[in-house]
Amino acid sequence: MNAAIRSGALARIFLVAGFGVALSAMPANAQKPGGSITVGLELDIPGFDPLKVGVYDTAALTASSAIFDTLTYLDANGKPQPKLALSWEPSEDFKMWTFKLRPGVKFHDGTPLNAEAYKANFDRQKDPANKCRCAFYISNVNNVQAPDELTLVYHLNDPQVNWPSLVSYASQNSAVHSPTAWKAKGDEYNRNPVGSGPYILKSWTAGDRMILEKNPDYWDKDKVYFDRITLKPLPDAQSRFASLQSGEVDLVWDDEYSADNIQKAQKDSKLTVHTYEGSGAQVYAFNTKVAPFDDLRVRQALVMALDRKRMSQAITNGLSRPASNPYGDGSWVKCKDDGALPEDLEKAKALIKDYGKPVDFKMLVTATPRGRMVGQVLQQFWKRAGANMEIEQVDQATIPPRAFMRQFQLTPWRIVDLADPDIQMYSNFKTGSPVALANYSNPELDKLLDHARVTADTNKRIDDYCAISRLINKEAIWFWTFQNTYYAISSAKVKGLPKMYSGVIDVSRAWKE
Amino acid sequence: MAFFVARRLLYLVPVLIAVSLLTFSIASLLPGDLAYTILGDQATPENVAALRADMGLDQPIWWRYLSWLGNVMQGDFGRSFRTGQTVLQAVAERLPVSIELMLLAQVGALAIGVPLAIICAARSGGPFDRFMTGTAFGMLSVPTFLSAILLIYLFAVELRWLPATGYVPFAEDPIGNLRFFVLPSLTLALAEWPGIMRILRSDMIATLQEDYIALAKAKGLTPARILFVHALKPSSLTLVTITGINIGRLIGGAVIVETVFALPGIGRLLVSAIGTRDLIILQGVVLLVAAGFVIMNFIVDLLYAVLDPRIRHGHA
């Protein structure tokens with residue numbers, strides 16, 4: 001195994017040795033500098049200080065990918081490329097990653113962006129006294145060191161072969177803030193963020209618009225085209241789409257729950273639908289420690305009773321793509337056999353009959369129209385199989401604490417699009433993890449998860465992940481309904497939008513024809 | 001009059017206390033726990049206990065209420081744990097938008113409702129009156145979000161006369177500001193005018209049957225003078241009440257309208273505070289809005305007394 005790790009590491013060093021790689025894989029001829037873009041977001045951005053907001057949502061991510069920079073970015077093939085880091089190198093065991101930073105980069109306030117600034121960002125989030133929700137997402141990192149101005153070292157608790165990919169998007173953890181700014185501004189920093197990215201926050205009217213202007217000192221300014229980006233929260237899906245149609249905004253966030261708008265836009269030559277079929281899935285976890293889900297037959301019966309195609313038709317006009325494993329078409333994990341249980345109502349009925357007791361349970365759903373709709377559709381499928389599900393509506397913010405405290409029988413969850421399945425699979429299924437919601441423990445599963453995270457050879461990791469999928473599907477501890485698909489709709493003039501990795505709409509390097 | 005005002009002010013105190021008590025209990029009545037909301041994935045029992053102690057959540061509810069009320073009395077409504085903004089900052093940023101929306105909506109509703117009511121009353125029982133009464137009844141049952149979307153599709157998407165969503169401050173661009181407010185305030189006005197028309201119409205019909213109107217007719221005054229000078233003022237008592245009470249309804253409507261038209265007002269602030277479980281903002285905003293509503297009613301009472309002297313002397 002050591003040899004495999006070593007050769008993988010070497011390959012990686014060679015891969016990043018050619019730093020001359022252009023920052024994006026966009027067509028080189030049509031870019032037009034100047035002008036501005038107005039983007040309609042679905043949510044109000046609460047701010048940017050991770051200590052305050054905890055986790056960035058999709059709206060905050062669109063803004064943060066323009067205001068902040070990250071160590072790496074993912075190219076069109078999903079491979080990490082240099083951004084603030086010029087090169088990187090793992091230790092043999094993949095528990096230590098050393099990044100060499102780009103020299104001469106400054107934050108918008110003139111503070112030098114060096115390894116010390118990075119370390120300060122990390123330490124601030126990790127400090128238990130700050131009680132940041134953001135700390136959960138870097139719990140895998142033991143510490144960060146800055147041995148010199150331009151060298152940054154991540155010490156991880158567990159091996160992570162794909163770390164450079166995982167720090168590629170401007171999330172609450174990977175966006176790097178100016179330490180001078182947060183120290184000087186205190187509580188006000190949240191709404192006055194200072195990064196080092198291609199755009200500078202010019203003005204922000206609460207609940208209305210955020211105006212970003214091009215950073216004249218950006219290290220890669222030749223590949224930044226718009227002079228100005230305006231971000232507007234437009235919470236209502238119908239009026240957001242109307243604003244796009246009437247030309248007030250150039251690009252809007254969307255999702256498959258407003259399928260009508262997406263399908264209308266697909267037929268409109270003045271509009272472009274940007275689709276990204278990411279990895280991950282919409283998932284559900286059974287609490288296997290409580291009846292009736294402590295019985296395998298019941299769990300399998302409920303999974304077999306699903307008809308994902310009809311469900312997709314009912315909920316999203318057929319836009320949602322059925323999922324049979326947690327990875328999805330957008331992942332590099334492709335399985336010949338993922339062990340999906342067949343959709344078989346008769347078998348489901350037989351299993352419930354065999355169980356012999358009434359199958360009554362409660363399922364958590366979000367108190368939103370879509371949450372209710374999904375709940376009602378599932379309720380109907382399961383009723384036909386002979387199981388009675390009662391919908392328990394709770395607001396979105398209540399689901400995570402209920403899940404962490406295991407106060408549920410069946411809960412919705414999501415495996416988001418990430419460059420590597422490891423972090424989510426490990427935390428969702430490893431015995432004892434706080435997010436192993438199914439309360440399920442299996443030494444074989446643990447062994448596969450451990451093996452997948454220390455193996456550098458991608459093919460071997462794919463074998464591991466497919467074996468994991470087969471095991472979870474067979475044991476039916478979680479099930480998957482739909483794969484993740486991310487949508488944005490723009491005027492046809494908007495070009496150069498990169499792939500929406502993790503659902504992030506990054507307009508910082510787009511232009512208008 | 002001074003005695004009347006003083007007595008009414010005294011009534012305000014228990015009402016405001018009740019409002020504050022109800023507002024405060026929102027946080028306790030809503031499911032979930034603020035500490036869990038803040039800590040999220042980090043909500044280990046130790047972290048939760050520590051944070052609860054920090055925030056005083058482990059204290060008895062009456063103690064928490066009193067200390068919250070004490071702070072509120074000193075103008076400290078608390079600070080959002082998500083944005084770091086104080087409640088007063090957040091409200092001050094958003095309030096002008098909501099006030100402008102409500103004023104324009106109220107003016108719009110009166111501009112539609114009052115003339116129609118007068119015409120209907122003057123020709124009561126005629127075809128126009130019957131048609132308008134029916135239309136008003138129909139309009140009452142059209143939900144705000146539906147008329148909002150229909151107006152957007154007609155005026156923003158099809159005709160492109162007005163913007164569908166957005167906002168610009170009045171100080172920055174007065175004309176642009178009004179353009180952004182036309183559709184949202186029209187949406188609210190469409191929901192409000194039927195009530196105004198129905199109330200004023202029936203009051204005016206009653207007034208027009210009074211003896212002094214017959215006298216005015218006998219004197220040969222023009223119908224317009226009779227309607228506007230002699231009949232409108234005494235008929236508008238209920239209208240003033242309705243207009244006052246409407247402020248409460250408008251706040252409710254504004255929550256939807258501000259969301260659909262993306263206006264950065266109090267309604268939007270409330271919706272996003274609920275969505276993110278920002279209970280401190282939620283408590284503060286609800287308290288301020290409720291207090292505003294109570295004070296608005298107080299002003300209506302005063303206006304009432306001005307319009308009809310019998311009321312301040314306790315005869316009516």
# chains A, B, ... in the order shown; residues from 1 in each chain; ligands from 1
call {"tool": "residues_around", "arguments": {"residues": "segment 436-452 of chain A", "least_positions_apart": "5", "cutoff": "9 Å", "atoms": "only C-alpha atoms", "output": "number ranges by chain"}}
result
A: 285-289, 403-406, 410-411, 422, 425-431, 460-465, 467-468, 471-472, 477-478
call {"tool": "write_last_selection", "arguments": {"atoms": "C-alpha atoms", "output": "PDB file, in the first residue's frame"}}
result
ATOM      1  CA  ALA A 285     -31.860   8.026   7.190  1.00  0.00           C
ATOM      2  CA  PHE A 286     -33.691   5.393   9.223  1.00  0.00           C
ATOM      3  CA  ASN A 287     -33.011   5.320  12.932  1.00  0.00           C
ATOM      4  CA  THR A 288     -32.175   1.618  13.164  1.00  0.00           C
ATOM      5  CA  LYS A 289     -32.226   1.615  16.962  1.00  0.00           C
ATOM      6  CA  ALA A 403     -31.001  14.407  13.839  1.00  0.00           C
ATOM      7  CA  PHE A 404     -27.890  14.865  15.959  1.00  0.00           C
ATOM      8  CA  MET A 405     -29.825  13.943  19.085  1.00  0.00           C
ATOM      9  CA  ARG A 406     -31.368  10.985  17.228  1.00  0.00           C
ATOM     10  CA  LEU A 410     -36.944   8.764   9.694  1.00  0.00           C
ATOM     11  CA  THR A 411     -35.322  12.027   8.683  1.00  0.00           C
ATOM     12  CA  ASP A 422     -14.773  10.610   1.690  1.00  0.00           C
ATOM     13  CA  MET A 425     -19.390   9.053   3.601  1.00  0.00           C
ATOM     14  CA  TYR A 426     -17.048   8.722   6.553  1.00  0.00           C
ATOM     15  CA  SER A 427     -19.080  10.982   8.798  1.00  0.00           C
ATOM     16  CA  ASN A 428     -22.423   9.560   7.679  1.00  0.00           C
ATOM     17  CA  PHE A 429     -21.561   5.892   8.111  1.00  0.00           C
ATOM     18  CA  LYS A 430     -18.516   5.375  10.336  1.00  0.00           C
ATOM     19  CA  THR A 431     -19.435   3.880  13.700  1.00  0.00           C
ATOM     20  CA  LYS A 460      -9.220   0.905  -5.656  1.00  0.00           C
ATOM     21  CA  ARG A 461     -11.166   3.666  -3.949  1.00  0.00           C
ATOM     22  CA  ILE A 462     -13.982   3.244  -6.474  1.00  0.00           C
ATOM     23  CA  ASP A 463     -14.107  -0.461  -5.600  1.00  0.00           C
ATOM     24  CA  ASP A 464     -14.345   0.457  -1.916  1.00  0.00           C
ATOM     25  CA  TYR A 465     -17.094   2.996  -2.430  1.00  0.00           C
ATOM     26  CA  ALA A 467     -18.787  -2.064  -1.927  1.00  0.00           C
ATOM     27  CA  ILE A 468     -19.972   0.519   0.625  1.00  0.00           C
ATOM     28  CA  LEU A 471     -23.662  -2.819   1.836  1.00  0.00           C
ATOM     29  CA  ILE A 472     -25.807   0.221   2.678  1.00  0.00           C
ATOM     30  CA  ILE A 477     -30.029   1.957   6.650  1.00  0.00           C
ATOM     31  CA  TRP A 478     -30.326   5.022   4.423  1.00  0.00           C
TER      32      TRP A 478
END
call {"tool": "select_by_dssp", "arguments": {"residues": "segment 4-247 of chain B", "states": "alpha helix (DSSP H)", "output": "MDAnalysis selection string"}}
result
chainID B and resid 4:29 34:39 45:55 61:73 87:122 127:140 144:151 174:208 211:218 223:225 232:235 237:247
call {"tool": "closest_atom_pairs", "arguments": {"of": "chain A", "to": "chain B", "cutoff": "8 Å", "atoms": "only C-alpha atoms", "output": "CSV"}}
result
residue,atom,partner,partner_atom,distance
A:Asp44,CA,B:Ser272,CA,7.3
A:Pro46,CA,B:Thr83,CA,5.6
A:Gly47,CA,B:Thr83,CA,5.9
A:Lys52,CA,B:Arg82,CA,4.9
A:Val53,CA,B:Arg82,CA,5.0
A:Lys131,CA,B:Leu39,CA,7.0
A:Cys132,CA,B:Leu39,CA,7.0
A:Arg133,CA,B:Leu39,CA,5.4
A:Ala135,CA,B:Gln42,CA,7.7
A:Phe136,CA,B:Gln42,CA,6.2
A:Asp187,CA,B:Gly84,CA,5.3
A:Glu188,CA,B:Gly84,CA,6.6
A:Asn190,CA,B:Thr83,CA,6.2
A:Arg191,CA,B:Thr83,CA,7.2
A:Ala206,CA,B:Pro264,CA,6.8
A:Gly207,CA,B:Pro264,CA,4.7
A:Asp208,CA,B:Pro264,CA,5.3
A:Lys232,CA,B:Gly166,CA,7.8
A:Pro233,CA,B:Ala262,CA,6.9
A:Leu234,CA,B:Ala262,CA,5.2
A:Pro235,CA,B:Thr259,CA,6.1
A:Asp236,CA,B:Val260,CA,5.1
A:Gln238,CA,B:Ile149,CA,7.3
A:Ser239,CA,B:Val260,CA,6.1
A:Arg240,CA,B:Thr165,CA,7.6
A:Ala242,CA,B:Val157,CA,6.2
A:Ser243,CA,B:Ala164,CA,5.5
A:Gln245,CA,B:Val157,CA,6.2
A:Ser246,CA,B:Val157,CA,4.8
A:Glu248,CA,B:Pro163,CA,7.1
A:Asp395,CA,B:Gly275,CA,7.8
A:Gln396,CA,B:Gly275,CA,7.6
A:Ala397,CA,B:Thr37,CA,6.5
A:Thr398,CA,B:Gly32,CA,6.0
A:Pro400,CA,B:Gly40,CA,6.6
A:Pro401,CA,B:Tyr36,CA,6.1
A:Phe404,CA,B:Asp41,CA,7.2
call {"tool": "residues_around", "arguments": {"residues": "Ala254 of chain B", "least_positions_apart": "4", "cutoff": "12 Å", "atoms": "only C-alpha atoms", "output": "ChimeraX atom specification"}}
result
/B:95,97-106,144-145,148,184-189,191,246-250,258-271
call {"tool": "residues_around", "arguments": {"residues": "Val5 of chain B", "least_positions_apart": "2", "cutoff": "12 Å", "atoms": "only C-alpha atoms", "output": "list in words"}}
result
Met1, Ala2, Phe3, Arg7, Arg8, Leu9, Leu10, Tyr11, Leu12, Phe298, Ile299, Val300, Asp301, Leu302, Leu303, Tyr304, Ala305, Val306, Ile311, Arg312 and His313 of chain B
call {"tool": "write_last_selection", "arguments": {"atoms": "N, CA and C atoms", "output": "mmCIF file, in the first residue's frame"}}
result
data_model
loop_
_atom_site.group_PDB
_atom_site.id
_atom_site.type_symbol
_atom_site.label_atom_id
_atom_site.label_comp_id
_atom_site.auth_asym_id
_atom_site.auth_seq_id
_atom_site.Cartn_x
_atom_site.Cartn_y
_atom_site.Cartn_z
ATOM 1 N N MET B 1 -60.602 67.345 26.583
ATOM 2 C CA MET B 1 -59.795 66.584 25.615
ATOM 3 C C MET B 1 -58.518 66.042 26.262
ATOM 4 N N ALA B 2 -57.900 66.905 27.119
ATOM 5 C CA ALA B 2 -56.664 66.478 27.778
ATOM 6 C C ALA B 2 -56.931 65.264 28.664
ATOM 7 N N PHE B 3 -58.062 65.288 29.354
ATOM 8 C CA PHE B 3 -58.426 64.177 30.227
ATOM 9 C C PHE B 3 -58.629 62.900 29.403
ATOM 10 N N ARG B 7 -56.504 59.509 29.783
ATOM 11 C CA ARG B 7 -57.146 58.233 30.107
ATOM 12 C C ARG B 7 -56.774 57.168 29.075
ATOM 13 N N ARG B 8 -56.786 57.586 27.807
ATOM 14 C CA ARG B 8 -56.431 56.631 26.749
ATOM 15 C C ARG B 8 -54.966 56.178 26.871
ATOM 16 N N LEU B 9 -54.102 57.113 27.232
ATOM 17 C CA LEU B 9 -52.690 56.770 27.395
ATOM 18 C C LEU B 9 -52.520 55.744 28.511
ATOM 19 N N LEU B 10 -53.318 55.899 29.561
ATOM 20 C CA LEU B 10 -53.244 54.971 30.683
ATOM 21 C C LEU B 10 -53.661 53.555 30.254
ATOM 22 N N TYR B 11 -54.678 53.500 29.351
ATOM 23 C CA TYR B 11 -55.108 52.196 28.824
ATOM 24 C C TYR B 11 -53.979 51.513 28.058
ATOM 25 N N LEU B 12 -53.118 52.345 27.455
ATOM 26 C CA LEU B 12 -52.055 51.803 26.599
ATOM 27 C C LEU B 12 -51.081 50.926 27.384
ATOM 28 N N PHE B 298 -54.447 53.973 19.029
ATOM 29 C CA PHE B 298 -54.591 55.092 19.961
ATOM 30 C C PHE B 298 -54.808 56.396 19.172
ATOM 31 N N ILE B 299 -54.015 56.556 18.126
ATOM 32 C CA ILE B 299 -54.164 57.761 17.303
ATOM 33 C C ILE B 299 -55.542 57.796 16.628
ATOM 34 N N VAL B 300 -55.993 56.608 16.195
ATOM 35 C CA VAL B 300 -57.321 56.531 15.568
ATOM 36 C C VAL B 300 -58.392 56.966 16.569
ATOM 37 N N ASP B 301 -58.247 56.506 17.824
ATOM 38 C CA ASP B 301 -59.191 56.901 18.873
ATOM 39 C C ASP B 301 -59.239 58.410 19.005
ATOM 40 N N LEU B 302 -58.052 59.022 18.991
ATOM 41 C CA LEU B 302 -57.986 60.478 19.123
ATOM 42 C C LEU B 302 -58.684 61.151 17.946
ATOM 43 N N LEU B 303 -58.408 60.638 16.743
ATOM 44 C CA LEU B 303 -59.016 61.198 15.539
ATOM 45 C C LEU B 303 -60.540 61.109 15.609
ATOM 46 N N TYR B 304 -60.972 59.986 16.098
ATOM 47 C CA TYR B 304 -62.391 59.708 16.286
ATOM 48 C C TYR B 304 -63.013 60.797 17.136
ATOM 49 N N ALA B 305 -62.292 61.085 18.227
ATOM 50 C CA ALA B 305 -62.801 62.088 19.166
ATOM 51 C C ALA B 305 -62.838 63.466 18.523
ATOM 52 N N VAL B 306 -61.874 63.709 17.643
ATOM 53 C CA VAL B 306 -61.870 65.002 16.957
ATOM 54 C C VAL B 306 -63.063 65.088 16.011
ATOM 55 N N ILE B 311 -67.903 61.463 21.419
ATOM 56 C CA ILE B 311 -67.079 60.355 21.889
ATOM 57 C C ILE B 311 -66.185 60.787 23.048
ATOM 58 N N ARG B 312 -65.535 61.968 22.932
ATOM 59 C CA ARG B 312 -64.610 62.341 24.004
ATOM 60 C C ARG B 312 -65.360 62.699 25.290
ATOM 61 N N HIS B 313 -66.657 62.993 25.141
ATOM 62 C CA HIS B 313 -67.416 63.266 26.366
ATOM 63 C C HIS B 313 -68.089 62.008 26.891
#
call {"tool": "residues_around", "arguments": {"residues": "Ala231 of chain B", "least_positions_apart": "4", "cutoff": "8 Å", "atoms": "only C-alpha atoms", "output": "mmCIF file with C-alpha atoms, in the first residue's frame"}}
result
data_model
loop_
_atom_site.group_PDB
_atom_site.id
_atom_site.type_symbol
_atom_site.label_atom_id
_atom_site.label_comp_id
_atom_site.auth_asym_id
_atom_site.auth_seq_id
_atom_site.Cartn_x
_atom_site.Cartn_y
_atom_site.Cartn_z
ATOM 1 C CA MET B 204 -73.207 57.282 3.274
ATOM 2 C CA THR B 207 -76.376 59.649 6.077
ATOM 3 C CA LEU B 208 -78.153 60.545 2.854
ATOM 4 C CA ILE B 213 -79.677 66.208 3.742
ATOM 5 C CA ILE B 226 -74.332 67.658 -0.768
ATOM 6 C CA LEU B 227 -72.246 64.495 -1.212
ATOM 7 C CA SER B 235 -70.093 59.198 7.090
#
call {"tool": "residues_around", "arguments": {"residues": "Thr135 of chain B", "least_positions_apart": "6", "cutoff": "12 Å", "atoms": "only C-alpha atoms", "output": "list of chain:residue names"}}
result
B:Gly113, B:Leu116, B:Phe128, B:Asp129, B:Ser141, B:Val142, B:Leu190, B:Ala191, B:Trp193, B:Pro194, B:Gly195, B:Met197, B:Arg198
call {"tool": "atom_distance", "arguments": {"atom1": "atom CA of Gly125 of chain B", "atom2": "atom CA of Ala214 of chain B"}}
result
18.9 Å
call {"tool": "residues_around", "arguments": {"residues": "Lys357 of chain A", "least_positions_apart": "4", "cutoff": "9 Å", "atoms": "only C-alpha atoms", "output": "mmCIF file with all heavy atoms, in the first residue's frame"}}
result
data_model
loop_
_atom_site.group_PDB
_atom_site.id
_atom_site.type_symbol
_atom_site.label_atom_id
_atom_site.label_comp_id
_atom_site.auth_asym_id
_atom_site.auth_seq_id
_atom_site.Cartn_x
_atom_site.Cartn_y
_atom_site.Cartn_z
ATOM 1 N N PRO A 292 -40.190 0.772 14.074
ATOM 2 C CA PRO A 292 -40.044 -0.553 13.451
ATOM 3 C C PRO A 292 -38.758 -0.694 12.629
ATOM 4 O O PRO A 292 -38.549 -1.706 11.994
ATOM 5 C CB PRO A 292 -41.264 -0.598 12.528
ATOM 6 C CG PRO A 292 -41.453 0.832 12.102
ATOM 7 C CD PRO A 292 -41.018 1.670 13.279
ATOM 8 N N ILE A 352 -43.517 -6.658 4.638
ATOM 9 C CA ILE A 352 -44.254 -6.068 5.764
ATOM 10 C C ILE A 352 -45.189 -7.100 6.391
ATOM 11 O O ILE A 352 -45.329 -7.178 7.612
ATOM 12 C CB ILE A 352 -45.008 -4.806 5.295
ATOM 13 C CG1 ILE A 352 -43.972 -3.682 5.142
ATOM 14 C CG2 ILE A 352 -46.105 -4.406 6.277
ATOM 15 C CD1 ILE A 352 -44.497 -2.349 4.796
ATOM 16 N N LYS A 353 -45.771 -7.933 5.551
ATOM 17 C CA LYS A 353 -46.642 -8.998 6.054
ATOM 18 C C LYS A 353 -45.820 -9.962 6.918
ATOM 19 O O LYS A 353 -46.239 -10.383 7.998
ATOM 20 C CB LYS A 353 -47.257 -9.735 4.866
ATOM 21 C CG LYS A 353 -48.597 -10.360 5.209
ATOM 22 C CD LYS A 353 -49.276 -10.876 3.971
ATOM 23 C CE LYS A 353 -50.398 -11.813 4.393
ATOM 24 N NZ LYS A 353 -50.819 -12.677 3.301
#
